[in-house]
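Enquirer: File name work12.csv; file contents CSV, C-alpha atoms; full text below.
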chain,number,residue,atom,x,y,z
A,1,MET,CA,22.3,-43.7,46.9
A,2,ARG,CA,25.2,-41.8,45.4
A,3,SER,CA,26.9,-41.3,48.8
A,4,LEU,CA,26.6,-45.0,49.6
A,5,PHE,CA,28.3,-45.8,46.3
A,6,TRP,CA,31.2,-43.6,47.0
A,7,LEU,CA,31.6,-45.0,50.5
A,8,LEU,CA,31.7,-48.5,49.2
A,9,ALA,CA,34.3,-47.4,46.6
A,10,VAL,CA,36.5,-45.9,49.3
A,11,PHE,CA,36.3,-49.1,51.4
A,12,ALA,CA,37.1,-51.2,48.4
A,13,ALA,CA,40.1,-49.1,47.5
A,14,ALA,CA,41.4,-49.3,51.1
A,15,VAL,CA,41.1,-53.1,51.1
A,16,ALA,CA,42.8,-53.4,47.7
A,17,LEU,CA,45.6,-51.1,49.0
A,18,VAL,CA,46.2,-53.3,52.1
A,19,LEU,CA,46.2,-56.5,50.0
A,20,LEU,CA,48.6,-54.9,47.5
A,21,GLY,CA,51.0,-53.9,50.3
A,22,ARG,CA,51.2,-57.5,51.6
A,23,ILE,CA,51.9,-59.2,48.3
A,24,ASP,CA,54.0,-56.5,46.6
A,25,ALA,CA,57.7,-56.9,47.1
A,26,GLY,CA,58.8,-54.2,44.7
A,27,TYR,CA,60.6,-50.9,45.6
A,28,VAL,CA,61.6,-47.6,44.1
A,29,LEU,CA,65.2,-46.4,44.3
A,30,PHE,CA,66.2,-42.7,44.2
A,31,ILE,CA,69.9,-42.0,43.8
A,32,TYR,CA,71.3,-38.4,44.2
A,33,PRO,CA,75.0,-38.7,45.1
A,34,PRO,CA,76.0,-39.0,47.7
A,35,TYR,CA,72.4,-39.8,48.8
A,36,ARG,CA,70.5,-43.1,48.2
A,37,VAL,CA,66.8,-43.4,49.0
A,38,GLU,CA,64.8,-46.6,48.7
A,39,VAL,CA,61.0,-46.7,49.3
A,40,SER,CA,58.4,-49.3,48.7
A,41,MET,CA,56.3,-49.3,45.6
A,42,LEU,CA,53.1,-48.8,47.7
A,43,LEU,CA,54.5,-45.8,49.5
A,44,PHE,CA,55.6,-44.3,46.2
A,45,ALA,CA,52.2,-44.8,44.7
A,46,ILE,CA,50.5,-43.2,47.7
A,47,ALA,CA,52.9,-40.2,47.5
A,48,VAL,CA,52.3,-39.7,43.8
A,49,LEU,CA,48.5,-39.8,44.3
A,50,VAL,CA,48.8,-37.3,47.2
A,51,LEU,CA,51.0,-35.0,45.0
A,52,VAL,CA,48.5,-35.1,42.2
A,53,ILE,CA,45.6,-34.2,44.5
A,54,LEU,CA,47.5,-31.4,46.1
A,55,SER,CA,48.5,-30.0,42.6
A,56,TYR,CA,44.9,-30.2,41.5
A,57,VAL,CA,43.7,-28.3,44.6
A,58,ALA,CA,46.4,-25.7,44.2
A,59,LEU,CA,45.6,-25.1,40.6
A,60,ARG,CA,41.9,-24.8,41.4
A,61,LEU,CA,42.6,-22.3,44.1
A,62,LEU,CA,44.9,-20.3,41.8
A,63,GLY,CA,42.2,-20.3,39.1
A,64,HIS,CA,39.6,-19.0,41.6
A,65,ALA,CA,41.9,-16.3,42.8
A,66,LEU,CA,42.6,-15.1,39.3
A,67,ALA,CA,38.8,-15.2,38.4
A,68,LEU,CA,37.8,-13.4,41.6
A,69,PRO,CA,37.4,-9.9,40.0
A,70,THR,CA,35.2,-11.4,37.3
A,71,LEU,CA,33.1,-13.4,39.7
A,72,VAL,CA,32.6,-10.3,41.9
A,73,SER,CA,31.6,-8.2,38.9
A,74,ALA,CA,29.2,-10.9,37.7
A,75,TYR,CA,27.7,-11.2,41.2
A,76,ARG,CA,27.2,-7.4,41.4
A,77,THR,CA,25.6,-7.4,38.0
A,78,ARG,CA,23.3,-10.2,38.9
A,79,ARG,CA,22.3,-8.5,42.2
A,80,ARG,CA,21.7,-5.2,40.4
A,81,ARG,CA,19.5,-7.0,37.8
A,82,GLU,CA,17.6,-8.8,40.6
A,83,ARG,CA,17.1,-5.5,42.4
A,84,ALA,CA,15.9,-3.8,39.2
A,85,ILE,CA,13.4,-6.6,38.5
A,86,GLU,CA,12.1,-6.4,42.1
A,87,ALA,CA,11.8,-2.6,41.8
A,88,LEU,CA,10.0,-2.9,38.5
A,89,ALA,CA,7.5,-5.4,40.0
A,90,ALA,CA,7.0,-3.1,43.1
A,91,GLY,CA,6.5,-0.1,40.8
A,92,LEU,CA,3.9,-1.9,38.7
A,93,GLN,CA,2.0,-2.9,41.9
A,94,ALA,CA,2.2,0.6,43.2
A,95,TYR,CA,0.9,2.0,39.9
A,96,TYR,CA,-2.1,-0.2,39.8
A,97,GLU,CA,-2.8,0.6,43.5
A,98,GLY,CA,-2.8,4.3,42.6
A,99,ARG,CA,0.3,5.1,44.6
A,100,TYR,CA,1.9,7.0,41.7
A,101,ALA,CA,4.8,8.7,43.7
A,102,ARG,CA,5.9,5.3,45.0
A,103,ALA,CA,5.6,3.9,41.5
A,104,GLU,CA,7.8,6.6,40.1
A,105,LYS,CA,10.4,5.9,42.8
A,106,GLU,CA,10.5,2.2,42.2
A,107,ALA,CA,10.6,2.8,38.4
A,108,ALA,CA,13.5,5.1,38.8
A,109,LEU,CA,15.4,2.3,40.6
A,110,ALA,CA,14.6,-0.1,37.8
A,111,PHE,CA,15.8,2.5,35.3
A,112,ASP,CA,19.1,3.0,37.1
A,113,ASN,CA,20.0,-0.6,37.9
A,114,GLY,CA,18.6,-3.1,35.4
A,115,PRO,CA,18.4,-4.2,31.8
A,116,ALA,CA,14.7,-3.1,31.7
A,117,SER,CA,15.6,0.6,32.1
A,118,ALA,CA,13.4,1.7,29.2
A,119,VAL,CA,10.4,-0.1,30.7
A,120,GLY,CA,11.2,1.6,34.0
A,121,ALA,CA,11.3,5.0,32.3
A,122,LEU,CA,7.9,4.4,30.6
A,123,LEU,CA,6.4,3.3,33.9
A,124,ALA,CA,7.8,6.5,35.6
A,125,ALA,CA,6.4,8.6,32.7
A,126,ARG,CA,2.9,7.1,33.2
A,127,ALA,CA,3.1,7.6,36.9
A,128,THR,CA,4.1,11.3,36.6
A,129,HIS,CA,1.4,11.8,34.0
A,130,GLN,CA,-1.2,10.6,36.5
A,131,MET,CA,0.2,13.1,39.0
A,132,ARG,CA,-0.3,15.8,36.3
A,133,ASP,CA,3.5,16.6,36.4
A,134,PHE,CA,3.8,16.9,32.6
A,135,GLU,CA,7.3,18.4,32.6
A,136,ARG,CA,8.8,15.4,34.5
A,137,ARG,CA,6.7,13.1,32.4
A,138,ASP,CA,8.3,14.4,29.2
A,139,ARG,CA,11.8,14.0,30.8
A,140,TRP,CA,11.1,10.4,31.5
A,141,LEU,CA,9.8,9.9,27.9
A,142,GLU,CA,13.1,11.4,26.6
A,143,ARG,CA,15.1,9.0,28.8
A,144,ALA,CA,13.1,6.1,27.5
A,145,GLY,CA,13.7,7.2,23.9
A,146,ALA,CA,17.4,7.6,24.6
A,147,VAL,CA,17.7,4.0,25.7
A,148,GLY,CA,16.4,2.8,22.3
A,149,GLY,CA,16.4,-0.9,21.6
A,150,PRO,CA,13.3,-2.9,20.9
A,151,LEU,CA,11.0,-0.7,22.9
A,152,ARG,CA,10.4,1.9,20.2
A,153,GLU,CA,6.8,0.6,19.6
A,154,ALA,CA,6.1,0.7,23.3
A,155,LEU,CA,7.4,4.3,23.5
A,156,LEU,CA,5.2,5.4,20.6
A,157,VAL,CA,2.1,3.7,22.0
A,158,SER,CA,2.7,5.3,25.4
A,159,ARG,CA,3.1,8.7,23.8
A,160,ALA,CA,-0.1,8.2,21.9
A,161,GLU,CA,-2.1,7.0,25.0
A,162,LEU,CA,-0.9,9.9,27.1
A,163,ALA,CA,-1.6,12.4,24.3
A,164,LEU,CA,-5.2,11.0,24.0
A,165,GLU,CA,-5.8,11.4,27.7
A,166,GLU,CA,-4.8,15.1,27.3
A,167,ARG,CA,-7.0,15.4,24.2
A,168,ASP,CA,-3.9,16.3,22.2
A,169,PHE,CA,-5.2,14.4,19.2
A,170,ARG,CA,-2.7,15.6,16.7
A,171,ALA,CA,0.3,14.5,18.8
A,172,ALA,CA,-1.4,11.1,19.3
A,173,ARG,CA,-2.1,10.8,15.6
A,174,ASP,CA,1.5,11.7,14.7
A,175,ALA,CA,2.9,9.0,17.1
A,176,LEU,CA,0.5,6.3,15.8
A,177,ARG,CA,1.1,7.1,12.1
A,178,SER,CA,4.8,6.9,12.8
A,179,LEU,CA,4.3,3.5,14.4
A,180,HIS,CA,2.1,2.2,11.6
A,181,GLY,CA,4.6,3.5,9.0
A,182,SER,CA,7.4,1.4,10.3
A,183,GLY,CA,5.7,-1.9,11.3
A,184,PRO,CA,2.6,-4.0,11.3
A,185,LYS,CA,-0.8,-2.4,12.1
A,186,HIS,CA,-2.2,-3.9,15.3
A,187,ILE,CA,-5.9,-3.7,16.1
A,188,ALA,CA,-5.3,-2.0,19.4
A,189,THR,CA,-3.3,0.8,17.9
A,190,GLN,CA,-5.7,1.1,15.0
A,191,ARG,CA,-8.5,1.7,17.5
A,192,MET,CA,-6.4,4.4,19.2
A,193,LEU,CA,-5.7,5.9,15.8
A,194,LEU,CA,-9.4,6.0,15.1
A,195,ARG,CA,-9.9,8.0,18.3
A,196,ALA,CA,-7.1,10.4,17.4
A,197,GLU,CA,-8.3,11.0,13.8
A,198,ARG,CA,-11.8,11.6,15.1
A,199,GLY,CA,-10.6,14.1,17.7
A,200,ALA,CA,-8.4,15.8,15.0
A,201,GLY,CA,-11.3,16.0,12.6
A,202,ALA,CA,-9.8,13.8,9.9
A,203,TRP,CA,-13.1,12.4,8.8
A,204,GLU,CA,-11.9,10.7,5.7
A,205,GLU,CA,-9.5,8.6,7.9
A,206,VAL,CA,-12.3,8.0,10.4
A,207,LEU,CA,-14.4,6.6,7.7
A,208,ARG,CA,-11.6,4.4,6.4
A,209,LEU,CA,-10.5,3.1,9.8
A,210,ALA,CA,-14.1,2.5,11.1
A,211,THR,CA,-14.7,0.4,7.9
A,212,GLN,CA,-11.5,-1.6,8.3
A,213,LEU,CA,-12.1,-2.3,12.0
A,214,LEU,CA,-15.6,-3.4,11.4
A,215,LYS,CA,-14.4,-5.9,8.7
A,216,ARG,CA,-11.9,-7.3,11.2
A,217,ASP,CA,-14.6,-7.5,13.9
A,218,ALA,CA,-12.5,-5.3,16.1
A,219,ILE,CA,-15.2,-2.7,16.9
A,220,ALA,CA,-18.9,-3.0,17.8
A,221,PRO,CA,-21.1,-2.7,14.7
A,222,ALA,CA,-23.2,0.0,16.4
A,223,LEU,CA,-20.1,2.1,17.3
A,224,ALA,CA,-18.7,1.7,13.8
A,225,GLU,CA,-22.0,2.8,12.3
A,226,GLU,CA,-22.0,5.8,14.6
A,227,TYR,CA,-18.5,6.8,13.6
A,228,LYS,CA,-19.3,6.4,9.9
A,229,VAL,CA,-22.5,8.4,10.1
A,230,GLN,CA,-20.7,11.2,12.0
A,231,ALA,CA,-17.8,11.2,9.5
A,232,MET,CA,-20.2,11.4,6.5
A,233,VAL,CA,-22.2,14.2,8.1
A,234,GLU,CA,-19.0,16.2,8.8
A,235,LEU,CA,-17.7,15.6,5.2
A,236,LEU,CA,-21.0,16.8,3.8
A,237,LYS,CA,-20.8,19.9,6.0
A,238,ARG,CA,-17.3,20.7,4.7
A,239,SER,CA,-18.4,20.6,1.1
A,240,ALA,CA,-21.5,22.6,1.8
A,241,ASP,CA,-19.9,25.9,0.7
A,242,ASP,CA,-19.5,24.8,-2.9
A,243,PRO,CA,-22.6,23.5,-4.7
A,244,GLY,CA,-20.6,21.4,-7.2
A,245,ALA,CA,-18.4,19.9,-4.5
A,246,PHE,CA,-21.4,19.1,-2.3
A,247,GLU,CA,-23.3,17.4,-5.1
A,248,ARG,CA,-20.3,15.3,-6.1
A,249,ARG,CA,-19.8,14.3,-2.5
A,250,TRP,CA,-23.5,13.3,-2.2
A,251,ARG,CA,-23.4,11.3,-5.5
A,252,ASP,CA,-20.3,9.5,-4.3
A,253,THR,CA,-22.0,8.4,-1.1
A,254,ALA,CA,-23.1,4.8,-1.1
A,255,SER,CA,-26.8,4.2,-1.7
A,256,ALA,CA,-27.1,2.3,1.6
A,257,ASP,CA,-25.8,5.3,3.4
A,258,GLN,CA,-27.9,7.9,1.6
A,259,VAL,CA,-31.1,6.5,3.3
A,260,LEU,CA,-29.7,6.8,6.8
A,261,PRO,CA,-31.9,9.5,8.5
A,262,ARG,CA,-29.1,11.6,10.0
A,263,ILE,CA,-27.1,11.6,6.8
A,264,ALA,CA,-30.1,12.4,4.7
A,265,ALA,CA,-31.3,15.1,7.0
A,266,ALA,CA,-27.9,16.8,7.0
A,267,ALA,CA,-27.6,16.5,3.2
A,268,ALA,CA,-31.1,17.9,2.7
A,269,ARG,CA,-30.3,20.8,5.1
A,270,HIS,CA,-27.2,21.7,3.1
A,271,ALA,CA,-28.9,21.3,-0.2
A,272,THR,CA,-31.7,23.6,1.0
A,273,ALA,CA,-29.2,26.2,2.2
A,274,LEU,CA,-27.5,26.1,-1.3
A,275,GLY,CA,-30.8,26.7,-3.0
A,276,LYS,CA,-31.0,23.1,-4.5
A,277,ALA,CA,-34.6,22.4,-3.7
A,278,ALA,CA,-35.0,19.6,-6.1
A,279,LEU,CA,-31.9,17.8,-4.8
A,280,ALA,CA,-33.1,18.2,-1.2
A,281,ARG,CA,-36.5,16.8,-2.2
A,282,GLU,CA,-34.9,13.8,-3.9
A,283,ILE,CA,-32.7,13.2,-0.9
A,284,LEU,CA,-35.6,13.3,1.6
A,285,GLU,CA,-38.0,11.2,-0.5
A,286,LYS,CA,-35.5,8.5,-1.0
A,287,ALA,CA,-34.7,8.4,2.8
A,288,LEU,CA,-38.3,8.4,3.8
A,289,GLY,CA,-38.9,5.5,1.4
A,290,GLY,CA,-36.3,3.6,3.4
A,291,GLU,CA,-37.2,4.7,6.9
A,292,TRP,CA,-40.1,6.8,8.0
A,293,SER,CA,-38.8,9.5,10.3
A,294,ALA,CA,-40.2,12.6,12.0
A,295,PRO,CA,-37.0,14.7,11.6
A,296,LEU,CA,-37.0,13.9,7.9
A,297,LEU,CA,-40.6,15.0,7.6
A,298,ALA,CA,-39.8,18.2,9.4
A,299,ALA,CA,-36.9,18.8,6.9
A,300,TYR,CA,-39.3,18.0,4.0
A,301,ALA,CA,-41.2,21.2,4.9
A,302,GLU,CA,-38.1,23.4,4.7
A,303,LEU,CA,-37.8,25.3,1.5
A,304,PRO,CA,-34.8,27.4,0.3
A,305,ARG,CA,-35.1,31.1,1.2
A,306,SER,CA,-32.7,32.1,-1.6
A,307,ILE,CA,-35.1,31.3,-4.4
A,308,ASP,CA,-37.9,33.6,-5.6
A,309,ALA,CA,-41.6,33.3,-4.4
A,310,ALA,CA,-42.8,31.6,-7.6
A,311,ARG,CA,-40.2,28.9,-7.5
A,312,ARG,CA,-40.8,28.4,-3.8
A,313,SER,CA,-44.6,28.0,-4.4
A,314,ALA,CA,-44.0,25.6,-7.3
A,315,GLU,CA,-41.6,23.5,-5.2
A,316,ALA,CA,-44.1,23.5,-2.3
A,317,ARG,CA,-46.8,22.2,-4.6
A,318,LEU,CA,-44.6,19.4,-5.8
A,319,ARG,CA,-44.0,18.3,-2.2
A,320,ILE,CA,-47.6,18.6,-1.3
A,321,GLU,CA,-48.6,16.2,-4.1
A,322,ARG,CA,-46.0,13.7,-2.8
A,323,GLY,CA,-47.1,14.2,0.8
A,324,GLU,CA,-50.8,13.6,-0.1
A,325,ARG,CA,-49.8,10.3,-1.7
A,326,TRP,CA,-48.1,9.4,1.6
A,327,LEU,CA,-51.2,10.6,3.4
A,328,ALA,CA,-53.4,8.0,1.7
A,329,GLU,CA,-51.3,5.3,3.6
A,330,ARG,CA,-50.6,7.3,6.8
A,331,HIS,CA,-53.7,9.4,7.2
A,332,ARG,CA,-53.4,9.5,11.0
A,333,ASP,CA,-49.7,10.6,11.1
A,334,PRO,CA,-49.5,13.9,13.0
A,335,ASP,CA,-46.0,14.7,11.7
A,336,LEU,CA,-47.1,14.2,8.1
A,337,LEU,CA,-50.1,16.4,8.6
A,338,SER,CA,-48.1,19.1,10.2
A,339,THR,CA,-45.6,19.0,7.3
A,340,LEU,CA,-48.3,19.3,4.8
A,341,GLY,CA,-49.8,22.2,6.7
A,342,ARG,CA,-46.4,24.0,6.6
A,343,LEU,CA,-46.0,23.3,2.9
A,344,CYS,CA,-49.5,24.6,2.1
A,345,ALA,CA,-48.8,27.8,4.1
A,346,GLN,CA,-45.7,28.4,2.0
A,347,ALA,CA,-47.7,27.7,-1.2
A,348,GLU,CA,-50.3,30.3,0.2
A,349,LEU,CA,-53.0,27.6,0.3
A,350,TRP,CA,-54.4,29.0,3.6
A,351,GLY,CA,-57.5,26.9,3.9
A,352,LYS,CA,-55.6,23.6,3.3
A,353,ALA,CA,-52.8,24.7,5.6
A,354,ARG,CA,-55.3,25.3,8.5
A,355,SER,CA,-57.1,22.0,7.8
A,356,PHE,CA,-53.9,20.0,7.9
A,357,LEU,CA,-52.5,21.7,11.0
A,358,GLU,CA,-55.8,21.3,12.9
A,359,ALA,CA,-55.9,17.7,11.9
A,360,SER,CA,-52.4,17.2,13.2
A,361,LEU,CA,-53.4,18.7,16.5
A,362,SER,CA,-56.4,16.5,16.8
A,363,PHE,CA,-54.1,13.4,16.7
A,364,GLU,CA,-51.2,14.8,18.8
A,365,GLU,CA,-50.7,18.2,20.2
A,366,SER,CA,-47.4,19.7,19.4
A,367,ARG,CA,-45.7,23.0,19.9
A,368,ALA,CA,-44.6,23.2,16.2
A,369,ALA,CA,-48.2,22.9,14.9
A,370,HIS,CA,-49.4,25.6,17.3
A,371,LEU,CA,-46.6,27.9,16.2
A,372,GLU,CA,-47.5,27.3,12.5
A,373,LEU,CA,-51.2,28.0,13.2
A,374,ALA,CA,-50.2,31.2,15.1
A,375,ARG,CA,-48.2,32.4,12.1
A,376,LEU,CA,-51.0,31.5,9.8
A,377,ASP,CA,-53.5,33.4,11.9
A,378,GLU,CA,-51.2,36.4,11.9
A,379,GLN,CA,-50.9,36.3,8.2
A,380,LEU,CA,-54.7,36.3,7.9
A,381,GLY,CA,-55.1,39.0,10.5
A,382,GLN,CA,-56.7,36.8,13.1
A,383,HIS,CA,-54.6,38.1,16.0
A,384,VAL,CA,-56.7,36.7,18.8
A,385,ASP,CA,-56.4,33.2,17.5
A,386,ALA,CA,-52.7,33.8,16.9
A,387,GLN,CA,-52.2,34.8,20.5
A,388,ARG,CA,-54.1,31.8,21.7
A,389,HIS,CA,-51.8,29.4,19.7
A,390,TYR,CA,-48.7,31.3,20.9
A,391,ARG,CA,-49.7,30.9,24.5
A,392,ARG,CA,-50.4,27.2,24.0
A,393,ALA,CA,-47.0,26.7,22.3
A,394,ALA,CA,-45.3,28.4,25.3
A,395,GLU,CA,-47.2,26.2,27.7
A,396,LEU,CA,-46.1,23.1,25.9
A,397,GLN,CA,-42.5,24.2,25.9
A,398,GLN,CA,-42.8,24.8,29.7
A,399,GLU,CA,-44.3,21.3,30.2
A,400,PHE,CA,-41.5,19.5,28.3
A,401,ARG,CA,-38.7,21.6,29.8
A,402,PRO,CA,-36.6,19.3,32.1
A,403,SER,CA,-36.6,20.3,35.8
A,404,PRO,CA,-33.3,21.5,37.4
A,405,ALA,CA,-33.2,18.4,39.6
A,406,ALA,CA,-33.1,16.2,36.4
When written as structure tokens, how does the structure in this file appear?
Expert:
Amino acid sequence: MRSLFWLLAVFAAAVALVLLGRIDAGYVLFIYPPYRVEVSMLLFAIAVLVLVILSYVALRLLGHALALPTLVSAYRTRRRRERAIEALAAGLQAYYEGRYARAEKEAALAFDNGPASAVGALLAARATHQMRDFERRDRWLERAGAVGGPLREALLVSRAELALEERDFRAARDALRSLHGSGPKHIATQRMLLRAERGAGAWEEVLRLATQLLKRDAIAPALAEEYKVQAMVELLKRSADDPGAFERRWRDTASADQVLPRIAAAAARHATALGKAALAREILEKALGGEWSAPLLAAYAELPRSIDAARRSAEARLRIERGERWLAERHRDPDLLSTLGRLCAQAELWGKARSFLEASLSFEESRAAHLELARLDEQLGQHVDAQRHYRRAAELQQEFRPSPAA
């Protein structure tokens, strides 16, 4: 449509020019002594129009000639950028295909030729890391850092991810802390920091991060619970050398966490090792009130070895009284019966100990109950019965031992 319009315009101008030439009687006179030139008005107009057009074309050609170096430089820059983008795309494809040598080669081209040189260096670093060439990987990371710009966060995250893959948790933690100290805290990097802190044994931070991520629904509740339990167990372990510090740590633990079986069992074990029998009893009774657990019952039968015989016997009798109240509700529980048998043996109530242990075996045969009966028979000088229980305990151990094929 546009071409048709211009064609009609040209024809109209030609017709107008012919009509003007027929009716126009004017002329233009040029005098340059001794010369005198006379031309028609129409010819003069055509000559002026041609001169203007030629001048315009000449000026355009001159402008293009003067701008030629700039145009060539811009063309080369554009081609270099396009080549870098193509190389970066090819490098990413090769990386995801597992062709890491090819990925590094293409990333090096992107680094040398384009505006995304830092991205190319990071891709090359990841490719060389997958090839286990850590020296070359570090050189690529240094190049990416030297480029600078807005990719500082990407560089720190890459350093952290690569360090986590190498299980260098402290280096990963330092990179992520530096990242969080200078900008917003993203969920992805907080999850990475949680892994790094857990690997480095910073259990206070693990507890804090797991709680934060759970509140933001950024981690599965079961996984957050596992991390929190592990962190609290480790924190209790760290304070287990100092009775005062351990008790303060336990009192500061939330009531909802105190009844969790793993935490309660660990706390009771440390309290028993520190000679705090009453605290261990309080911990276990509270936890058993929240959740009935065989490991907690087994821990309930453990008494401190550092206290004298009279105190051990008195503590055992207190626990027996509590256990017998539980027995009124759980009279067929083999674990409870076994625990009461062990406590009676420590209180030197030999008859009750045998009765409870045999009752436990009548409901469920267990290696622990046979071993307790064997020790009890040895204590009473009944060596034949003791050997019989030892043999049965060994047989049960052999039965439950996993086969090599498993």
Enquirer: Which residues are close to segment 225-237 of chain A, i.e. within 7 Å by all atoms listed in the file, leaving aside same-chain residues fewer than 6 positions away? Reply as a PyMOL selection string.
Expert: chain A and resi 203+206-207+210+246+249+263+266-267
Enquirer: Which polymer residues, protein or nucleic acid, are no farther than 12 Å from (-48.7, 12.1, 8.3), counting all atoms listed in the file, as a PyMOL selection string?
Expert: chain A and resi 288+292-294+296-298+300+320+322-341+356-357+359-361+363-364
Enquirer: Output as a Markdown table one row per residue of segment 102-142 of chain A within 10 Å of segment 162-178 of chain A: the closest atom pair and its distance in Å to one decimal place, counting all atoms listed in the file, sorted by chain and residue number ascending.
Expert:
| residue | atom | partner | partner_atom | distance |
| --- | --- | --- | --- | --- |
| A:Ala125 | CA | A:Leu162 | CA | 9.3 |
| A:Arg126 | CA | A:Leu162 | CA | 7.7 |
| A:His129 | CA | A:Leu162 | CA | 7.5 |
| A:Gln130 | CA | A:Leu162 | CA | 9.4 |
| A:Arg137 | CA | A:Leu162 | CA | 9.8 |
Enquirer: For atom CA of Leu179 of chain A and atom CA of Leu193 of chain A, quote the distance in Å rounded to one decimal.
Expert: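 Pair atom CA of Leu179 of chain A / atom CA of Leu193 of chain A returns 10.4 Å.
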Enquirer: Which residues come within 9 Å of Glu315 of chain A, counting all atoms listed in the file, excluding same-chain residues fewer than 5 positions away, as a list in words?
Expert: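 Non-adjacent residues within range: Ala277, Ala278, Arg281, Leu303, Ala310, Ile320 and Ala347 of chain A.
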Enquirer: Which of these residues is nearest to Arg375 of chain A, using all atoms listed in the file: A:Arg391, A:Tyr56, A:Trp140, A:Ala345?
Expert: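 Checking each candidate against Arg375 of chain A, we get A:Ala345 as the closest.
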Enquirer: Around (19.5, 0.6, 34.7) in the file's frame, which residues reach within 12 Å when counting all atoms listed in the file? Return as a VMD selection string?
Expert: chain A and resid 77 80 to 85 87 to 88 106 to 121 143 to 144 147
Enquirer: Give me, please, the distance in Å between atom CA of His186 of chain A and atom CA of Ala89 of chain A, quoted to one decimal.
Expert: 26.6 Å
Enquirer: Distance atom CA of Ala299 of chain A-atom CA of Leu373 of chain A, one decimal place?
Expert: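 Spanning atom CA of Ala299 of chain A to atom CA of Leu373 of chain A is a straight-line distance of 18.1 Å.
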Enquirer: Write out as number ranges by chain the residues lying within 9 Å of Tyr95 of chain A, counting all atoms listed in the file and excluding same-chain residues fewer than 4 positions away.
Expert: A: 90-91, 99-104, 123, 126-127
Enquirer: Mind checking which residues fall within 12 Å of Leu371 of chain A, counting all atoms listed in the file, ignoring those fewer than 6 positions away in the same chain, and posting them as a list of chain:residue names?
Expert: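 Contacts, with the query itself left out: A:Ser338, A:Gly341, A:Arg342, A:Arg354, A:Leu357, A:Glu358, A:Leu361, A:Glu365, A:Asp377, A:Glu378, A:Asp385, A:Ala386, A:Gln387, A:Arg388, A:His389, A:Tyr390, A:Arg391, A:Arg392, A:Ala393, A:Ala394, A:Glu395, A:Leu396, A:Gln397.
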Enquirer: Counting all atoms listed in the file, what is within 12 Å of Glu38 of chain A, bar same-chain residues fewer than 5 positions away, as a list in words?
Expert: Gly26, Tyr27, Val28, Leu29, Phe30, Ile31, Tyr32, Leu43 and Phe44 of chain A
Enquirer: Could you write out that same residue set with C-alpha atoms as a PDB file, in the frame of the given file?
Expert:
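Resulting contents of again34.pdb:
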ATOM      1  CA  GLY A  26      58.800 -54.200  44.700  1.00  0.00           C
ATOM      2  CA  TYR A  27      60.600 -50.900  45.600  1.00  0.00           C
ATOM      3  CA  VAL A  28      61.600 -47.600  44.100  1.00  0.00           C
ATOM      4  CA  LEU A  29      65.200 -46.400  44.300  1.00  0.00           C
ATOM      5  CA  PHE A  30      66.200 -42.700  44.200  1.00  0.00           C
ATOM      6  CA  ILE A  31      69.900 -42.000  43.800  1.00  0.00           C
ATOM      7  CA  TYR A  32      71.300 -38.400  44.200  1.00  0.00           C
ATOM      8  CA  LEU A  43      54.500 -45.800  49.500  1.00  0.00           C
ATOM      9  CA  PHE A  44      55.600 -44.300  46.200  1.00  0.00           C
TER      10      PHE A  44
END
Enquirer: With only C-alpha atoms as the basis for distance, which of A:Ala222, A:Leu141, A:Ala271, A:Met1 is at the shortest distance from Ala240 of chain A?
Expert: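 Going through A:Ala222, A:Leu141, A:Ala271, A:Met1 one by one, the smallest distance to Ala240 of chain A is for A:Ala271.
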Enquirer: Between A:Ala287, A:Leu194, A:Ala200, A:Ala12, single out the one closest to Leu223 of chain A, counting all atoms listed in the file.
Expert: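 Distance minimum relative to Leu223 of chain A lands on A:Leu194.
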Enquirer: Please reconstruct the missing atoms of segment 373-381 of chain A (target: N, CA and C atoms) and return them as a short mmCIF file (atom, residue, chain, number, x, y, z; two decimals), in the coordinates of the input.
Expert:
data_model
loop_
_atom_site.label_atom_id
_atom_site.label_comp_id
_atom_site.auth_asym_id
_atom_site.auth_seq_id
_atom_site.Cartn_x
_atom_site.Cartn_y
_atom_site.Cartn_z
N LEU A 373 -49.83 27.44 13.22
CA LEU A 373 -51.20 28.00 13.20
C LEU A 373 -51.16 29.48 13.65
N ALA A 374 -50.31 29.79 14.65
CA ALA A 374 -50.20 31.20 15.10
C ALA A 374 -49.70 32.07 13.96
N ARG A 375 -48.68 31.63 13.24
CA ARG A 375 -48.20 32.40 12.10
C ARG A 375 -49.21 32.55 11.02
N LEU A 376 -49.93 31.45 10.77
CA LEU A 376 -51.00 31.50 9.80
C LEU A 376 -52.07 32.49 10.14
N ASP A 377 -52.49 32.49 11.40
CA ASP A 377 -53.50 33.40 11.90
C ASP A 377 -53.02 34.87 11.77
N GLU A 378 -51.74 35.10 12.07
CA GLU A 378 -51.20 36.40 11.90
C GLU A 378 -51.20 36.88 10.47
N GLN A 379 -50.87 35.94 9.60
CA GLN A 379 -50.90 36.30 8.20
C GLN A 379 -52.27 36.63 7.70
N LEU A 380 -53.27 36.00 8.29
CA LEU A 380 -54.70 36.30 7.90
C LEU A 380 -55.32 37.35 8.72
N GLY A 381 -54.57 37.96 9.63
CA GLY A 381 -55.10 39.00 10.50
C GLY A 381 -55.95 38.59 11.62
#
